[in-house]
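A short write-up of the structure that comes next.
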Amino acid sequence: MTTTTSRIPVTKAVVPAAGLGTRFLPATKATPKEMLPVVDKPAIQYVVEEASAAGLSDILMVTGRNKRALEDHFDRAYELEELLVRKGDEDRLRRVRESVELANMHYVRQGDPKGLGHAVSVAEQHVAGQPFAVLLGDDLIDPRDPLLARMIEVQQELGGSVVALMEVDPSQIHLYGCAAVKANGFGEDVFQVTDLVEKPEPGEAPSNYAVIGRYVLDPLVFDVLRETPPGRGGEIQLTDALRELTTRDAEAGGQVHGVLFKGRRYDTGDRADYLRAIVRLAAEREDLGPEFRSWLREFVGSELQD
Ligand code: UTP
């Protein structure tokens, strides 16, 4: 089952961040939604930190309109740094510099945001024929529940492409890409993906396994994306390309595997999940946590009594 490309190590990550973020308007009118703060860091920094922690030091961010804030965040801020140096504020200086030192950042523009599949396709030249990771810029995986390293391991062992799956309540599956799976004998958390459906209608979902925003893809996906017509919502869907990959020959880089994730994950593009992420991460922080937790206890005890 192992393919030639699977032996090439995964060193590059693609982070699509060119969507319009309409669920967050008007906040996203002039600011990318990936820049919205989760406590005191923009969501996108958590994503880049995750890629870096998994050993991916080359990151291509797919941006669109309003790209400046994203690029500036991962660049030096000389005036600010100088000011903090003059003040002797070592702690803030370290935090300002952190984002610059995470990885080698590269940027490409998507032009029209024609869908996630299209965003991935613009990375083809940069990826240059290697298997690569994709991390959605608004999807946070808690750093205490590592997922990407396991996905890379599965890709290196089995070849083909790998998606991250999460079991969701049946009433929620229509919000996700949904995977039909079968056991493949590679561990309890790994499946062969036999089919994929983007946002299935109620009653048409083949399982409760939702595809979440982490992928390790064989470069064959670029050939498939070139031939993928617009799907649901008129967008070029990555799910449609992955579905096609499930039918392709393993020797040619086809086949898709799923890694089941049971950890904490937040979709910061969704307002309710964004709020949950902030409350949980703030409550768990050493610096802010004690005071915030005691306020939260009081708030829940008094204000939220029905
Ligand atoms: P979403 O569908 O959540 O993003 O895409 P969106 O379209 O910005 O959100 P809403 O529904 O209008 O609020 C998931 C990820 O894929 C990126 C987004 O930036 C997000 O990180 N994306 C999506 C692109 O880069 N390009 C696209 O054409 C679409």
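Residues are named by chain letter and number: chains run A, B, ... in the order of the structure tokens, numbers start at 1 in each chain, and ligands are numbered from 1 in the order shown.
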
| query | Could you pull the residues within 6 Å of Val211 (chain A), counting only C-alpha atoms, minus those fewer than 5 positions along the same chain, as number ranges by chain? | reply | A: 164-165, 177-178

| task | For ligand 1, collect every residue having any atom at a distance of at most 10 Å from a ligand atom (counting only C-alpha atoms and all ligand atoms); output as a VMD selection string. | result | chain A and resid 14 to 25 28 32 to 34 44 61 to 64 109 to 120 122 134 to 139 212 to 213 235 to 238 267 to 271

Please save N, CA and C atoms of the selected residues as a short mmCIF file (atom, residue, chain, number, x, y, z; two decimals), in the first residue's frame.
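Done, and the output landed in again_35.cif:
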data_model
loop_
_atom_site.label_atom_id
_atom_site.label_comp_id
_atom_site.auth_asym_id
_atom_site.auth_seq_id
_atom_site.Cartn_x
_atom_site.Cartn_y
_atom_site.Cartn_z
N VAL A 14 0.25 24.07 4.59
CA VAL A 14 -0.52 25.09 3.89
C VAL A 14 -1.64 25.52 4.83
N VAL A 15 -1.77 26.81 5.02
CA VAL A 15 -2.81 27.32 5.93
C VAL A 15 -3.76 28.23 5.13
N PRO A 16 -4.91 27.71 4.70
CA PRO A 16 -5.85 28.56 3.98
C PRO A 16 -6.48 29.58 4.94
N ALA A 17 -6.38 30.84 4.58
CA ALA A 17 -6.93 31.90 5.44
C ALA A 17 -7.49 33.01 4.55
N ALA A 18 -8.10 32.62 3.44
CA ALA A 18 -8.58 33.62 2.48
C ALA A 18 -10.09 33.72 2.44
N GLY A 19 -10.77 32.98 3.32
CA GLY A 19 -12.24 33.02 3.31
C GLY A 19 -12.75 34.39 3.76
N LEU A 20 -14.01 34.66 3.47
CA LEU A 20 -14.56 35.98 3.76
C LEU A 20 -15.05 36.13 5.20
N GLY A 21 -15.22 35.02 5.90
CA GLY A 21 -15.62 35.09 7.31
C GLY A 21 -16.95 35.78 7.52
N THR A 22 -17.92 35.48 6.68
CA THR A 22 -19.19 36.23 6.74
C THR A 22 -19.96 35.99 8.04
N ARG A 23 -19.71 34.85 8.70
CA ARG A 23 -20.44 34.60 9.95
C ARG A 23 -20.02 35.56 11.04
N PHE A 24 -18.92 36.25 10.84
CA PHE A 24 -18.41 37.15 11.87
C PHE A 24 -18.53 38.63 11.49
N LEU A 25 -19.32 38.92 10.47
CA LEU A 25 -19.51 40.33 10.12
C LEU A 25 -20.27 41.04 11.23
N THR A 28 -15.39 41.17 10.66
CA THR A 28 -14.48 40.74 9.60
C THR A 28 -14.57 41.59 8.34
N PRO A 32 -9.18 40.08 8.85
CA PRO A 32 -9.41 38.64 8.61
C PRO A 32 -9.90 37.96 9.88
N LYS A 33 -10.83 37.01 9.74
CA LYS A 33 -11.37 36.37 10.95
C LYS A 33 -10.27 35.60 11.68
N GLU A 34 -9.25 35.17 10.95
CA GLU A 34 -8.15 34.42 11.57
C GLU A 34 -7.33 35.31 12.51
N ILE A 44 -4.96 32.55 14.36
CA ILE A 44 -4.01 32.00 13.39
C ILE A 44 -2.67 31.65 14.04
N MET A 61 0.87 30.45 3.74
CA MET A 61 -0.45 30.92 4.09
C MET A 61 -1.16 31.40 2.84
N VAL A 62 -2.38 30.93 2.65
CA VAL A 62 -3.17 31.36 1.50
C VAL A 62 -4.04 32.51 1.97
N THR A 63 -3.79 33.69 1.40
CA THR A 63 -4.51 34.88 1.87
C THR A 63 -5.30 35.50 0.73
N GLY A 64 -6.08 36.48 1.08
CA GLY A 64 -6.84 37.16 0.05
C GLY A 64 -6.90 38.63 0.38
N ARG A 109 -1.63 34.53 -2.79
CA ARG A 109 -3.01 35.05 -2.80
C ARG A 109 -3.91 34.13 -3.59
N GLN A 110 -5.10 33.96 -3.08
CA GLN A 110 -6.05 33.08 -3.76
C GLN A 110 -6.80 33.80 -4.88
N GLY A 111 -6.84 35.15 -4.84
CA GLY A 111 -7.70 35.85 -5.80
C GLY A 111 -9.12 35.70 -5.32
N ASP A 112 -9.99 35.22 -6.17
CA ASP A 112 -11.38 35.00 -5.71
C ASP A 112 -11.43 33.84 -4.73
N PRO A 113 -12.13 34.02 -3.59
CA PRO A 113 -12.28 32.89 -2.67
C PRO A 113 -13.31 31.90 -3.21
N LYS A 114 -12.82 30.98 -4.06
CA LYS A 114 -13.75 30.07 -4.75
C LYS A 114 -13.93 28.76 -4.00
N GLY A 115 -13.53 28.75 -2.74
CA GLY A 115 -13.73 27.55 -1.94
C GLY A 115 -12.42 26.98 -1.42
N LEU A 116 -12.55 26.10 -0.41
CA LEU A 116 -11.36 25.54 0.23
C LEU A 116 -10.51 24.72 -0.75
N GLY A 117 -11.17 23.98 -1.64
CA GLY A 117 -10.42 23.19 -2.63
C GLY A 117 -9.58 24.10 -3.51
N HIS A 118 -10.16 25.22 -3.90
CA HIS A 118 -9.44 26.19 -4.74
C HIS A 118 -8.28 26.80 -3.96
N ALA A 119 -8.50 27.10 -2.66
CA ALA A 119 -7.43 27.67 -1.82
C ALA A 119 -6.24 26.70 -1.76
N VAL A 120 -6.53 25.41 -1.62
CA VAL A 120 -5.44 24.42 -1.57
C VAL A 120 -4.74 24.36 -2.93
N VAL A 122 -4.02 26.59 -5.04
CA VAL A 122 -3.04 27.65 -5.33
C VAL A 122 -1.69 27.40 -4.65
N VAL A 134 -2.34 20.40 5.66
CA VAL A 134 -3.22 21.56 5.53
C VAL A 134 -3.87 21.79 6.90
N LEU A 135 -3.76 23.01 7.39
CA LEU A 135 -4.38 23.36 8.68
C LEU A 135 -5.30 24.55 8.42
N LEU A 136 -6.58 24.41 8.69
CA LEU A 136 -7.48 25.53 8.46
C LEU A 136 -7.22 26.63 9.48
N GLY A 137 -7.17 27.86 8.97
CA GLY A 137 -6.75 28.99 9.78
C GLY A 137 -7.71 29.39 10.88
N ASP A 138 -8.91 28.83 10.89
CA ASP A 138 -9.87 29.21 11.93
C ASP A 138 -10.25 28.02 12.81
N ASP A 139 -9.51 26.94 12.69
CA ASP A 139 -9.82 25.70 13.42
C ASP A 139 -8.71 25.47 14.45
N ILE A 212 -12.63 17.34 10.21
CA ILE A 212 -12.27 18.63 10.80
C ILE A 212 -11.02 19.18 10.10
N GLY A 213 -10.62 20.39 10.48
CA GLY A 213 -9.67 21.15 9.66
C GLY A 213 -8.20 20.79 9.68
N GLU A 235 -18.92 26.36 -4.56
CA GLU A 235 -17.49 26.44 -4.25
C GLU A 235 -16.77 25.16 -4.66
N ILE A 236 -15.48 25.29 -4.96
CA ILE A 236 -14.67 24.10 -5.25
C ILE A 236 -14.32 23.48 -3.89
N GLN A 237 -14.92 22.35 -3.63
CA GLN A 237 -14.85 21.74 -2.30
C GLN A 237 -13.68 20.76 -2.21
N LEU A 238 -12.89 20.92 -1.15
CA LEU A 238 -11.81 19.96 -0.91
C LEU A 238 -12.41 18.56 -0.68
N ASP A 267 -13.90 25.68 16.63
CA ASP A 267 -14.06 26.31 15.33
C ASP A 267 -14.25 27.79 15.57
N THR A 268 -13.15 28.55 15.47
CA THR A 268 -13.26 29.97 15.83
C THR A 268 -13.96 30.79 14.74
N GLY A 269 -14.34 30.15 13.64
CA GLY A 269 -15.13 30.84 12.62
C GLY A 269 -16.61 30.84 12.98
N ASP A 270 -16.96 30.08 14.04
CA ASP A 270 -18.34 30.00 14.50
C ASP A 270 -18.42 30.79 15.81
N ARG A 271 -19.39 31.71 15.91
CA ARG A 271 -19.37 32.63 17.05
C ARG A 271 -19.48 31.93 18.40
#

With 6 Å as the cut-off and only C-alpha atoms counted, what is the closest atom pair between each nearby residue of region 144-232 of chain A and region 240-264 of chain A? Distances in Å to one decimal, ordered by chain and number, as CSV.
residue,atom,partner,partner_atom,distance
A:Asp145,CA,A:Gly263,CA,5.4
A:Gly160,CA,A:Gly253,CA,4.9
A:Ser161,CA,A:Val256,CA,4.7
A:Val162,CA,A:His257,CA,4.7
A:Val163,CA,A:Gly258,CA,4.8
A:Ala164,CA,A:Val259,CA,5.0
A:Leu165,CA,A:Leu260,CA,4.7
A:Met166,CA,A:Phe261,CA,5.3
A:Asp189,CA,A:Leu260,CA,4.9
A:Val190,CA,A:Val259,CA,4.7
A:Phe191,CA,A:Gly258,CA,5.0
A:Gln192,CA,A:His257,CA,4.6
A:Val193,CA,A:His257,CA,5.2
A:Asp195,CA,A:Arg243,CA,5.8
A:Leu196,CA,A:Arg243,CA,5.2
A:Asp218,CA,A:Gly253,CA,5.9
A:Leu220,CA,A:Gly253,CA,5.9
A:Val224,CA,A:Ala241,CA,5.9
A:Leu225,CA,A:Ala241,CA,5.7

Just write the chosen residues, N, CA, C and O atoms, as a tab-separated table (two decimals), in the first residue's frame.
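Ended up saving to result.tsv:
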chain	number	residue	atom	x	y	z
A	145	ASP	N	-3.65	18.20	23.09
A	145	ASP	CA	-4.20	17.01	22.43
A	145	ASP	C	-3.64	16.89	21.02
A	145	ASP	O	-4.35	17.10	20.04
A	160	GLY	N	-0.90	7.78	0.54
A	160	GLY	CA	-2.18	8.42	0.25
A	160	GLY	C	-2.36	9.69	1.05
A	160	GLY	O	-1.40	10.36	1.43
A	161	SER	N	-3.62	10.02	1.32
A	161	SER	CA	-3.93	11.23	2.07
A	161	SER	C	-4.60	10.87	3.38
A	161	SER	O	-5.15	9.77	3.52
A	162	VAL	N	-4.55	11.79	4.34
A	162	VAL	CA	-5.10	11.52	5.67
A	162	VAL	C	-5.98	12.69	6.08
A	162	VAL	O	-5.59	13.85	5.93
A	163	VAL	N	-7.17	12.38	6.58
A	163	VAL	CA	-8.05	13.43	7.12
A	163	VAL	C	-8.23	13.21	8.62
A	163	VAL	O	-8.03	12.11	9.12
A	164	ALA	N	-8.60	14.28	9.33
A	164	ALA	CA	-8.89	14.17	10.76
A	164	ALA	C	-10.40	14.03	10.93
A	164	ALA	O	-11.17	14.78	10.33
A	165	LEU	N	-10.80	13.05	11.74
A	165	LEU	CA	-12.24	12.80	11.94
A	165	LEU	C	-12.59	13.03	13.40
A	165	LEU	O	-11.79	12.73	14.30
A	166	MET	N	-13.79	13.53	13.62
A	166	MET	CA	-14.26	13.73	14.98
A	166	MET	C	-15.71	13.28	15.03
A	166	MET	O	-16.49	13.61	14.13
A	189	ASP	N	-7.50	4.07	16.23
A	189	ASP	CA	-7.86	5.44	15.84
A	189	ASP	C	-7.70	5.69	14.34
A	189	ASP	O	-7.84	6.82	13.88
A	190	VAL	N	-7.44	4.65	13.56
A	190	VAL	CA	-7.20	4.87	12.12
A	190	VAL	C	-8.17	4.03	11.28
A	190	VAL	O	-8.38	2.85	11.55
A	191	PHE	N	-8.76	4.67	10.27
A	191	PHE	CA	-9.72	4.00	9.38
A	191	PHE	C	-9.36	4.22	7.92
A	191	PHE	O	-8.67	5.19	7.59
A	192	GLN	N	-9.91	3.36	7.11
A	192	GLN	CA	-9.90	3.61	5.66
A	192	GLN	C	-11.15	4.43	5.36
A	192	GLN	O	-12.24	4.06	5.81
A	193	VAL	N	-11.01	5.53	4.65
A	193	VAL	CA	-12.19	6.32	4.28
A	193	VAL	C	-12.70	5.79	2.95
A	193	VAL	O	-11.95	5.76	1.97
A	195	ASP	N	-15.85	6.82	1.56
A	195	ASP	CA	-16.66	7.82	0.86
A	195	ASP	C	-16.71	9.10	1.69
A	195	ASP	O	-16.49	9.06	2.90
A	196	LEU	N	-17.00	10.19	1.04
A	196	LEU	CA	-17.10	11.48	1.73
A	196	LEU	C	-18.26	12.28	1.15
A	196	LEU	O	-18.46	12.28	-0.07
A	218	ASP	N	-1.58	13.87	-0.28
A	218	ASP	CA	-0.66	13.49	-1.34
A	218	ASP	C	-0.79	14.53	-2.46
A	218	ASP	O	-1.91	15.01	-2.73
A	220	LEU	N	-1.13	14.27	-5.41
A	220	LEU	CA	-2.11	13.88	-6.42
A	220	LEU	C	-3.38	14.73	-6.31
A	220	LEU	O	-4.11	14.91	-7.28
A	224	VAL	N	-6.38	16.20	-9.11
A	224	VAL	CA	-7.82	15.98	-8.93
A	224	VAL	C	-8.54	17.33	-8.82
A	224	VAL	O	-9.61	17.53	-9.41
A	225	LEU	N	-7.96	18.28	-8.08
A	225	LEU	CA	-8.61	19.59	-7.90
A	225	LEU	C	-8.79	20.31	-9.23
A	225	LEU	O	-9.79	21.01	-9.43
